[in-house]
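For reference, input.csv (CSV, C-alpha atoms):
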chain,number,residue,atom,x,y,z
T,20,ARG,CA,0.9,2.6,-20.9
T,21,ALA,CA,-1.4,1.9,-17.9
T,22,ASP,CA,-0.1,-0.5,-15.2
T,23,ALA,CA,-3.0,-2.5,-13.6
T,24,GLY,CA,-1.1,-2.5,-10.3
T,25,ARG,CA,-1.2,1.3,-10.2
T,26,LEU,CA,-4.7,2.0,-11.6
T,27,GLN,CA,-7.3,3.3,-9.2
T,28,ARG,CA,-10.5,1.6,-10.1
T,29,PRO,CA,-13.6,1.1,-7.9
T,30,GLY,CA,-14.9,-2.5,-7.9
T,31,PRO,CA,-17.9,-3.3,-10.0
T,32,ALA,CA,-19.7,-4.8,-7.0
T,33,GLY,CA,-19.4,-4.3,-3.3
T,34,GLN,CA,-18.4,-7.0,-0.8
T,35,GLY,CA,-22.0,-7.8,0.1
T,36,ASP,CA,-23.4,-7.9,-3.4
T,37,PRO,CA,-24.3,-11.3,-4.9
T,38,ILE,CA,-21.8,-12.7,-7.4
T,39,SER,CA,-23.7,-13.4,-10.6
T,40,CYS,CA,-22.7,-13.2,-14.3
T,41,ALA,CA,-19.5,-11.7,-15.6
T,42,LEU,CA,-21.3,-9.0,-17.6
T,43,GLN,CA,-21.9,-7.3,-14.2
T,44,LEU,CA,-18.2,-6.2,-14.3
T,45,LEU,CA,-19.5,-3.4,-16.6
T,46,SER,CA,-22.6,-2.6,-14.5
T,47,PRO,CA,-23.8,1.0,-14.6
T,48,SER,CA,-22.5,1.7,-11.1
T,49,ALA,CA,-19.0,1.6,-12.7
T,50,GLY,CA,-19.8,4.0,-15.5
T,51,PRO,CA,-22.5,6.2,-17.1
T,52,ARG,CA,-23.5,3.7,-19.9
T,53,LEU,CA,-22.5,0.4,-21.4
T,54,LEU,CA,-21.6,0.5,-25.1
T,55,VAL,CA,-22.4,-2.8,-26.8
T,56,ILE,CA,-20.4,-2.8,-30.0
T,57,VAL,CA,-21.5,-5.4,-32.5
T,58,PRO,CA,-19.4,-7.0,-35.3
T,59,ASP,CA,-19.1,-5.3,-38.7
T,60,SER,CA,-20.3,-7.7,-41.4
T,61,ASP,CA,-18.7,-5.6,-44.1
T,62,VAL,CA,-15.2,-5.8,-42.7
T,63,GLN,CA,-15.6,-9.6,-42.2
T,64,LEU,CA,-16.8,-10.0,-45.8
T,65,TYR,CA,-13.9,-7.8,-47.0
T,66,GLN,CA,-11.4,-10.1,-45.2
T,67,ARG,CA,-13.0,-13.2,-46.6
T,68,LEU,CA,-13.1,-11.9,-50.2
T,69,THR,CA,-9.6,-10.3,-50.3
T,70,GLY,CA,-7.6,-12.4,-47.8
T,71,HIS,CA,-6.5,-9.1,-46.2
T,72,THR,CA,-7.2,-7.9,-42.7
T,73,VAL,CA,-8.1,-4.3,-41.9
T,74,SER,CA,-6.1,-2.2,-39.4
T,75,LEU,CA,-7.9,0.2,-37.1
T,76,GLN,CA,-6.4,3.2,-38.8
T,77,ASP,CA,-7.6,2.1,-42.2
T,78,TYR,CA,-11.0,1.2,-40.8
T,79,VAL,CA,-11.6,4.6,-39.1
T,80,ASN,CA,-10.5,6.4,-42.3
T,81,ARG,CA,-12.4,3.9,-44.5
T,82,ASN,CA,-9.2,3.5,-46.6
T,83,PHE,CA,-9.8,-0.2,-47.1
T,84,LEU,CA,-12.8,0.5,-49.3
T,85,ARG,CA,-11.2,3.1,-51.5
T,86,PRO,CA,-11.0,1.9,-55.2
T,87,GLU,CA,-7.2,2.4,-55.3
T,88,THR,CA,-6.8,0.2,-52.2
T,89,LEU,CA,-9.0,-2.5,-53.6
T,90,ARG,CA,-7.2,-2.4,-56.9
T,91,ARG,CA,-3.9,-3.1,-55.0
T,92,VAL,CA,-5.1,-5.9,-52.8
T,93,SER,CA,-7.9,-7.5,-54.8
T,94,PRO,CA,-8.4,-5.9,-58.3
T,95,GLN,CA,-11.5,-8.0,-59.1
T,96,TYR,CA,-13.5,-6.1,-56.4
T,97,ALA,CA,-12.3,-2.6,-57.1
T,98,ASP,CA,-15.4,-1.6,-59.1
T,99,SER,CA,-17.8,-3.4,-56.9
T,100,ALA,CA,-17.2,-1.8,-53.5
T,101,ASN,CA,-20.4,0.1,-53.4
T,102,ALA,CA,-22.5,-3.0,-54.1
T,103,LEU,CA,-20.6,-5.3,-51.8
T,104,PHE,CA,-19.9,-2.9,-48.8
T,105,HIS,CA,-22.8,-0.5,-48.7
T,106,SER,CA,-24.5,-0.6,-45.3
T,107,ALA,CA,-23.8,-0.9,-41.5
T,108,THR,CA,-24.8,-4.5,-41.0
T,109,THR,CA,-23.9,-7.1,-38.3
T,110,GLN,CA,-24.4,-10.8,-37.7
T,111,SER,CA,-27.8,-12.2,-36.9
T,112,PHE,CA,-26.7,-14.0,-33.7
T,113,VAL,CA,-26.2,-10.6,-32.0
T,114,LEU,CA,-30.0,-10.1,-32.1
T,115,ASP,CA,-30.4,-13.0,-29.7
T,116,LEU,CA,-27.7,-11.7,-27.4
T,117,ILE,CA,-29.1,-8.1,-26.8
T,118,PRO,CA,-32.1,-9.3,-24.7
T,119,ARG,CA,-29.8,-11.4,-22.6
T,120,PHE,CA,-27.6,-8.3,-21.9
T,121,ALA,CA,-30.8,-6.3,-21.0
T,122,GLU,CA,-31.5,-8.9,-18.3
T,123,VAL,CA,-28.3,-8.0,-16.6
T,124,ILE,CA,-27.8,-4.3,-17.4
T,125,PRO,CA,-30.9,-1.9,-17.3
T,126,PRO,CA,-32.0,-1.3,-20.9
T,127,ALA,CA,-31.7,2.5,-20.4
T,128,GLU,CA,-28.0,2.0,-19.6
T,129,LEU,CA,-27.3,0.1,-22.8
T,130,SER,CA,-26.3,1.7,-26.1
T,131,VAL,CA,-25.9,-0.7,-29.0
T,132,ARG,CA,-23.5,0.6,-31.6
T,133,HIS,CA,-22.1,-0.4,-34.9
T,134,PRO,CA,-18.2,0.0,-35.1
T,135,SER,CA,-18.4,2.3,-38.1
T,136,SER,CA,-20.3,4.8,-36.0
T,137,LEU,CA,-17.7,5.1,-33.3
T,138,ALA,CA,-14.8,7.5,-32.5
T,139,MET,CA,-12.2,7.5,-29.8
T,140,LYS,CA,-14.2,9.9,-27.7
T,141,ASP,CA,-16.9,7.2,-27.2
T,142,PHE,CA,-14.5,5.1,-25.3
T,143,GLU,CA,-13.6,8.0,-23.0
T,144,LYS,CA,-17.2,8.4,-21.8
T,145,ASP,CA,-18.5,4.9,-21.4
T,146,ASN,CA,-17.7,1.3,-20.6
T,147,ALA,CA,-17.7,-1.0,-23.6
T,148,LEU,CA,-18.4,-4.6,-24.5
T,149,LEU,CA,-16.8,-5.4,-27.9
T,150,ILE,CA,-18.4,-8.4,-29.5
T,151,ALA,CA,-15.9,-9.7,-32.1
T,152,GLY,CA,-12.2,-10.4,-32.7
T,153,PRO,CA,-9.8,-7.7,-34.0
T,154,PHE,CA,-10.8,-8.3,-37.6
T,155,GLY,CA,-14.6,-8.4,-37.1
T,156,ASP,CA,-14.3,-5.2,-35.2
T,157,PRO,CA,-11.0,-3.3,-35.7
T,158,TRP,CA,-11.7,-1.3,-32.6
T,159,VAL,CA,-10.7,-4.4,-30.6
T,160,GLN,CA,-7.1,-3.7,-31.9
T,161,LEU,CA,-7.1,-0.6,-29.6
T,162,PHE,CA,-7.1,-2.9,-26.6
T,163,ASP,CA,-5.8,-6.4,-27.4
T,164,ARG,CA,-2.2,-5.9,-28.7
T,165,ASP,CA,-0.5,-6.9,-25.4
T,166,LEU,CA,-2.7,-9.9,-24.7
T,167,ASN,CA,-1.4,-13.5,-24.5
T,168,PHE,CA,-4.3,-15.0,-26.4
T,169,GLN,CA,-4.3,-13.4,-29.9
T,170,ILE,CA,-6.9,-14.0,-32.5
T,171,GLU,CA,-5.0,-14.3,-35.8
T,172,THR,CA,-5.5,-15.5,-39.4
T,173,GLU,CA,-3.3,-17.7,-41.6
T,174,PRO,CA,-1.3,-15.9,-44.3
T,175,ASP,CA,-4.1,-16.3,-46.9
T,176,GLY,CA,-6.6,-14.8,-44.5
T,177,GLN,CA,-9.0,-17.7,-44.9
T,178,ARG,CA,-8.6,-19.6,-41.6
T,179,ALA,CA,-8.6,-17.9,-38.2
T,180,PHE,CA,-7.4,-19.3,-34.9
T,181,ILE,CA,-6.3,-18.3,-31.4
T,182,ARG,CA,-2.6,-18.1,-30.8
T,183,ASN,CA,-1.2,-18.7,-27.3
T,184,ARG,CA,1.9,-16.6,-27.1
T,185,ALA,CA,3.4,-18.2,-24.0
T,186,PRO,CA,1.9,-21.7,-23.5
T,187,ARG,CA,2.0,-23.2,-20.0
T,188,SER,CA,2.3,-26.9,-19.2
T,189,SER,CA,-0.3,-28.8,-21.3
T,190,GLU,CA,-1.5,-25.7,-23.2
T,191,ARG,CA,-1.2,-25.6,-27.0
T,192,THR,CA,0.3,-22.9,-29.1
T,193,GLU,CA,-2.6,-22.7,-31.5
T,194,TYR,CA,-6.3,-23.3,-31.1
T,195,PHE,CA,-8.3,-24.0,-34.2
T,196,ASN,CA,-12.0,-24.9,-34.2
T,197,TYR,CA,-12.5,-28.5,-35.2
T,198,ALA,CA,-15.2,-31.1,-35.6
T,199,ASP,CA,-15.5,-33.8,-32.9
T,200,PRO,CA,-17.4,-36.8,-34.3
T,201,SER,CA,-17.6,-38.4,-30.8
T,202,ALA,CA,-19.5,-35.4,-29.5
T,203,GLN,CA,-21.3,-34.7,-32.7
T,204,ALA,CA,-20.3,-31.1,-32.3
T,205,VAL,CA,-17.8,-28.5,-33.3
T,206,ILE,CA,-15.2,-27.6,-30.6
T,207,CYS,CA,-14.7,-23.9,-30.8
T,208,TYR,CA,-12.5,-21.4,-28.9
T,209,SER,CA,-12.9,-17.8,-27.9
T,210,ARG,CA,-11.2,-15.1,-25.8
T,211,ILE,CA,-12.7,-13.0,-23.1
T,212,ALA,CA,-10.6,-10.1,-21.7
T,213,TYR,CA,-11.4,-7.7,-18.9
T,214,LEU,CA,-9.3,-4.5,-19.3
T,215,PRO,CA,-9.0,-0.9,-18.4
T,216,GLY,CA,-10.6,1.6,-20.7
T,217,LEU,CA,-9.2,4.9,-21.9
T,218,THR,CA,-10.0,6.7,-18.7
T,219,PRO,CA,-9.1,5.7,-15.1
T,220,ALA,CA,-12.7,4.7,-14.3
T,221,GLY,CA,-13.4,3.0,-17.6
T,222,ARG,CA,-13.6,-0.7,-18.2
T,223,VAL,CA,-13.8,-2.8,-21.3
T,224,LEU,CA,-14.7,-6.4,-22.0
T,225,LEU,CA,-13.6,-8.1,-25.2
T,226,ALA,CA,-15.7,-11.2,-26.2
T,227,GLY,CA,-14.7,-12.7,-29.5
T,228,GLY,CA,-13.3,-15.6,-31.4
T,229,PRO,CA,-12.2,-16.7,-34.8
T,230,HIS,CA,-15.8,-17.5,-35.9
T,231,SER,CA,-19.3,-16.5,-35.2
T,232,ALA,CA,-20.0,-19.6,-33.0
T,233,SER,CA,-16.8,-18.8,-31.0
T,234,THR,CA,-17.9,-15.2,-30.5
T,235,GLU,CA,-21.4,-16.2,-29.5
T,236,ALA,CA,-20.0,-18.7,-27.0
T,237,ALA,CA,-17.9,-15.9,-25.3
T,238,CYS,CA,-21.0,-13.7,-25.0
T,239,ARG,CA,-23.1,-16.4,-23.7
T,240,PHE,CA,-20.5,-17.3,-21.1
T,241,LEU,CA,-20.6,-13.6,-19.9
T,242,THR,CA,-24.3,-13.9,-19.2
T,243,ARG,CA,-24.2,-17.3,-17.6
T,244,SER,CA,-25.4,-17.1,-14.0
T,245,ASP,CA,-22.3,-18.7,-12.5
T,246,SER,CA,-19.7,-17.1,-14.7
T,247,LEU,CA,-18.5,-14.4,-12.4
T,248,ARG,CA,-18.3,-16.8,-9.5
T,249,ALA,CA,-16.2,-19.1,-11.6
T,250,ILE,CA,-13.8,-16.3,-12.5
T,251,CYS,CA,-13.5,-15.2,-8.9
T,252,ARG,CA,-12.7,-18.7,-7.9
T,253,LEU,CA,-10.1,-19.0,-10.7
T,254,PHE,CA,-8.2,-15.9,-9.5
T,255,GLN,CA,-8.7,-16.9,-5.8
T,256,VAL,CA,-10.6,-13.7,-4.8
T,257,ASP,CA,-13.7,-13.4,-2.7
T,258,SER,CA,-15.3,-10.4,-4.5
T,259,PRO,CA,-15.4,-9.0,-8.1
T,260,ALA,CA,-13.9,-5.9,-6.6
T,261,GLN,CA,-10.7,-7.8,-6.0
T,262,LEU,CA,-10.3,-9.2,-9.5
T,263,PRO,CA,-7.2,-8.1,-11.5
T,264,TRP,CA,-7.4,-7.3,-15.2
T,265,PHE,CA,-7.5,-10.7,-16.9
T,266,GLU,CA,-8.0,-12.7,-20.1
T,267,LEU,CA,-9.6,-16.1,-20.5
T,268,LEU,CA,-9.5,-18.8,-23.2
T,269,ILE,CA,-13.0,-20.4,-23.5
T,270,GLU,CA,-13.7,-23.8,-25.1
T,271,ALA,CA,-17.3,-24.6,-26.2
T,272,LYS,CA,-19.2,-27.2,-28.1
T,273,ALA,CA,-21.4,-26.0,-30.9
T,274,ILE,CA,-24.0,-27.6,-33.1
T,275,GLY,CA,-24.1,-25.5,-36.2
T,276,ASP,CA,-23.5,-22.0,-35.0
T,277,ALA,CA,-25.2,-22.6,-31.6
T,278,PRO,CA,-22.7,-23.0,-28.8
T,279,TRP,CA,-23.2,-24.7,-25.5
T,280,SER,CA,-21.1,-26.3,-22.7
T,281,MET,CA,-18.7,-23.4,-22.3
T,282,SER,CA,-15.7,-23.7,-20.0
T,283,ILE,CA,-12.5,-21.9,-19.1
T,284,ILE,CA,-9.4,-23.8,-20.2
T,285,ALA,CA,-6.7,-21.2,-19.7
T,286,HIS,CA,-6.3,-17.8,-18.1
T,287,ARG,CA,-3.9,-15.0,-17.5
T,288,THR,CA,-3.6,-11.9,-15.3
T,289,VAL,CA,-3.0,-8.8,-17.5
T,290,LEU,CA,-0.3,-6.7,-15.8
T,291,ALA,CA,-0.1,-3.9,-18.3
T,292,VAL,CA,-2.2,-2.6,-21.2
T,293,SER,CA,-1.1,-0.1,-23.8
T,294,HIS,CA,-3.5,1.9,-26.0
Any chance you could put this one into structure tokens?
Amino acid sequence: RADAGRLQRPGPAGQGDPISCALQLLSPSAGPRLLVIVPDSDVQLYQRLTGHTVSLQDYVNRNFLRPETLRRVSPQYADSANALFHSATTQSFVLDLIPRFAEVIPPAELSVRHPSSLAMKDFEKDNALLIAGPFGDPWVQLFDRDLNFQIETEPDGQRAFIRNRAPRSSERTEYFNYADPSAQAVICYSRIAYLPGLTPAGRVLLAGGPHSASTEAACRFLTRSDSLRAICRLFQVDSPAQLPWFELLIEAKAIGDAPWSMSIIAHRTVLAVSH
């Protein structure tokens, strides 16, 4: 267990540096590289077809794709695993995000990785941006178990939402995406969390939501030119170096799967993180 109050961590930007987008919290000055970890379409398809989520342990060991596991959780797919889940694929919206990241982080310092190619040691060397919720990328489960804003699914696994474990004042307990006819858009919710990595100097950003539009909204917020300034103002600090570990709940409007008009509607300081 690492206590944020006791961690020694150099700030991602100096007092005189301009405050720009929140992705700069993982700038190369804070670590050797930035791992950009994209969602795993196979594990998302598995959840949708079977109604079962995948734990990090089962993901790393690939237990969830074994015929005996499939026969237990969803027999109709037991003999089709090789045809259904056969390659390291991701979601198409990620392709539009990578150039945006490369405008903030030098391309030579970016390493785009699929979750299935990772091991624990990768998080010990580099900072990481995980683009997904805990079921689109089970590696998120390594970092998010203590957070207030949890991305969860209903018992049948078909609908996902964000649970607010400890609501304040006017906050809701659950945040589901919904259609807003007056805005002619879908209102969607996502979570951003800035957390310590597995080593004292390491940092992690989680950017994900229950659906692809939610996840894209979180990532686009990170690259928005005023996002880091907005976060500093929210936590009443003058410099990114003074920011605590934190989590944010983002609300966005989306037309189709294209989000716009992102805003922070709730936030928390993260006092402790367990891995």
Shell of 8 Å around T:Phe265, only C-alpha atoms, local chain residues under 3 positions omitted, as a VMD selection string
chain T and resid 212 to 214 286 to 289
Hey, can you spit out that residue selection with C-alpha atoms as a PDB file, in the coordinates of the input?
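Contents of result.pdb, freshly written:
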ATOM      1  CA  ALA T 212     -10.600 -10.100 -21.700  1.00  0.00           C
ATOM      2  CA  TYR T 213     -11.400  -7.700 -18.900  1.00  0.00           C
ATOM      3  CA  LEU T 214      -9.300  -4.500 -19.300  1.00  0.00           C
ATOM      4  CA  HIS T 286      -6.300 -17.800 -18.100  1.00  0.00           C
ATOM      5  CA  ARG T 287      -3.900 -15.000 -17.500  1.00  0.00           C
ATOM      6  CA  THR T 288      -3.600 -11.900 -15.300  1.00  0.00           C
ATOM      7  CA  VAL T 289      -3.000  -8.800 -17.500  1.00  0.00           C
TER       8      VAL T 289
END
Mind giving me the straight-line distance from atom CA of T:Ala220 to atom CA of T:Ala291 in Å, one decimal?
15.8 Å
What's the 7 Å shell around T:Thr242, counting all atoms listed in the file, without same-chain residues fewer than 6 positions away, as a PDB file with C-alpha atoms, in the coordinates of the input?
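Output below, filename result-v7.pdb:
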ATOM      1  CA  CYS T  40     -22.700 -13.200 -14.300  1.00  0.00           C
ATOM      2  CA  ALA T  41     -19.500 -11.700 -15.600  1.00  0.00           C
ATOM      3  CA  LEU T  42     -21.300  -9.000 -17.600  1.00  0.00           C
ATOM      4  CA  ARG T 119     -29.800 -11.400 -22.600  1.00  0.00           C
TER       5      ARG T 119
END
Who sits within 12 Å of T:Phe112, all atoms listed in the file, same chain under 5 positions skipped, as a PyMOL selection string
chain T and resi 57-58+60+117-119+150-151+230-236+238-239+276-278
Mind pulling up the distance from atom CA of T:Asp245 to atom CA of T:Thr109?
28.3 Å
Under the rule that all atoms listed in the file are counted, which of T:Leu166, T:Leu225, T:Ala138, T:Ile124 is the nearest residue to T:Asn183?
T:Leu166
Near stretch 186-194 of chain T, within 8 Å and counting only C-alpha atoms, which residues show up once chain neighbours fewer than 5 positions away are dropped, as a ChimeraX atom specification?
/T:180-181,208,285
Neighbourhood query: residues within 12 Å of (-9.0, -0.3, -43.8), file coordinates, counting only C-alpha atoms; return as an MDAnalysis selection string.
chainID T and resid 61:63 65:66 69 71:89 92 135 154:158
Considering all atoms listed in the file, state which residue in the set T:Lys140, T:Arg52, T:Arg67, T:His133 is at the smallest distance from T:Thr218.
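Checking each candidate against T:Thr218, we get T:Lys140 as the closest.
If you look at atom CA of T:Arg210 and atom CA of T:Pro229, they are 9.2 Å away from each other.
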Which residue out of T:Ile284, T:Ala202, T:Leu268, T:Leu161 has the minimum interatomic distance to T:Pro215 when all atoms listed in the file are used?
T:Leu161
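Among the candidates T:Leu253, T:Val123, T:Leu148, T:Ile274, the one nearest to T:Pro200 when counting all atoms listed in the file is T:Ile274.
Those residues that approach T:Leu262 to within 10 Å, counting only C-alpha atoms, are Gly30, Pro31, Leu44, Tyr213, Ile250, Cys251, Arg252, Leu253, Phe254, Gln255, Val256, Asp257, Ser258, Pro259, Ala260, Trp264, Phe265 and Thr288 of chain T; same-chain residues fewer than 2 positions away are not listed.
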Take the selection from the previous step and output its residues with C-alpha atoms, as a CSV table (one decimal), in the frame of the given file.
chain,number,residue,atom,x,y,z
T,30,GLY,CA,-14.9,-2.5,-7.9
T,31,PRO,CA,-17.9,-3.3,-10.0
T,44,LEU,CA,-18.2,-6.2,-14.3
T,213,TYR,CA,-11.4,-7.7,-18.9
T,250,ILE,CA,-13.8,-16.3,-12.5
T,251,CYS,CA,-13.5,-15.2,-8.9
T,252,ARG,CA,-12.7,-18.7,-7.9
T,253,LEU,CA,-10.1,-19.0,-10.7
T,254,PHE,CA,-8.2,-15.9,-9.5
T,255,GLN,CA,-8.7,-16.9,-5.8
T,256,VAL,CA,-10.6,-13.7,-4.8
T,257,ASP,CA,-13.7,-13.4,-2.7
T,258,SER,CA,-15.3,-10.4,-4.5
T,259,PRO,CA,-15.4,-9.0,-8.1
T,260,ALA,CA,-13.9,-5.9,-6.6
T,264,TRP,CA,-7.4,-7.3,-15.2
T,265,PHE,CA,-7.5,-10.7,-16.9
T,288,THR,CA,-3.6,-11.9,-15.3
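Nearest to T:Gly70 of all the residues T:Ser93, T:Ser201, T:Gln169, T:Asn196 is T:Ser93, counting only C-alpha atoms.
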Which of these, T:Arg178, T:Arg164, T:Arg222, T:Lys272, has the shortest distance to T:Val292 once you count all atoms listed in the file?
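Of T:Arg178, T:Arg164, T:Arg222, T:Lys272, the one nearest T:Val292, counting all atoms listed in the file, is T:Arg164.
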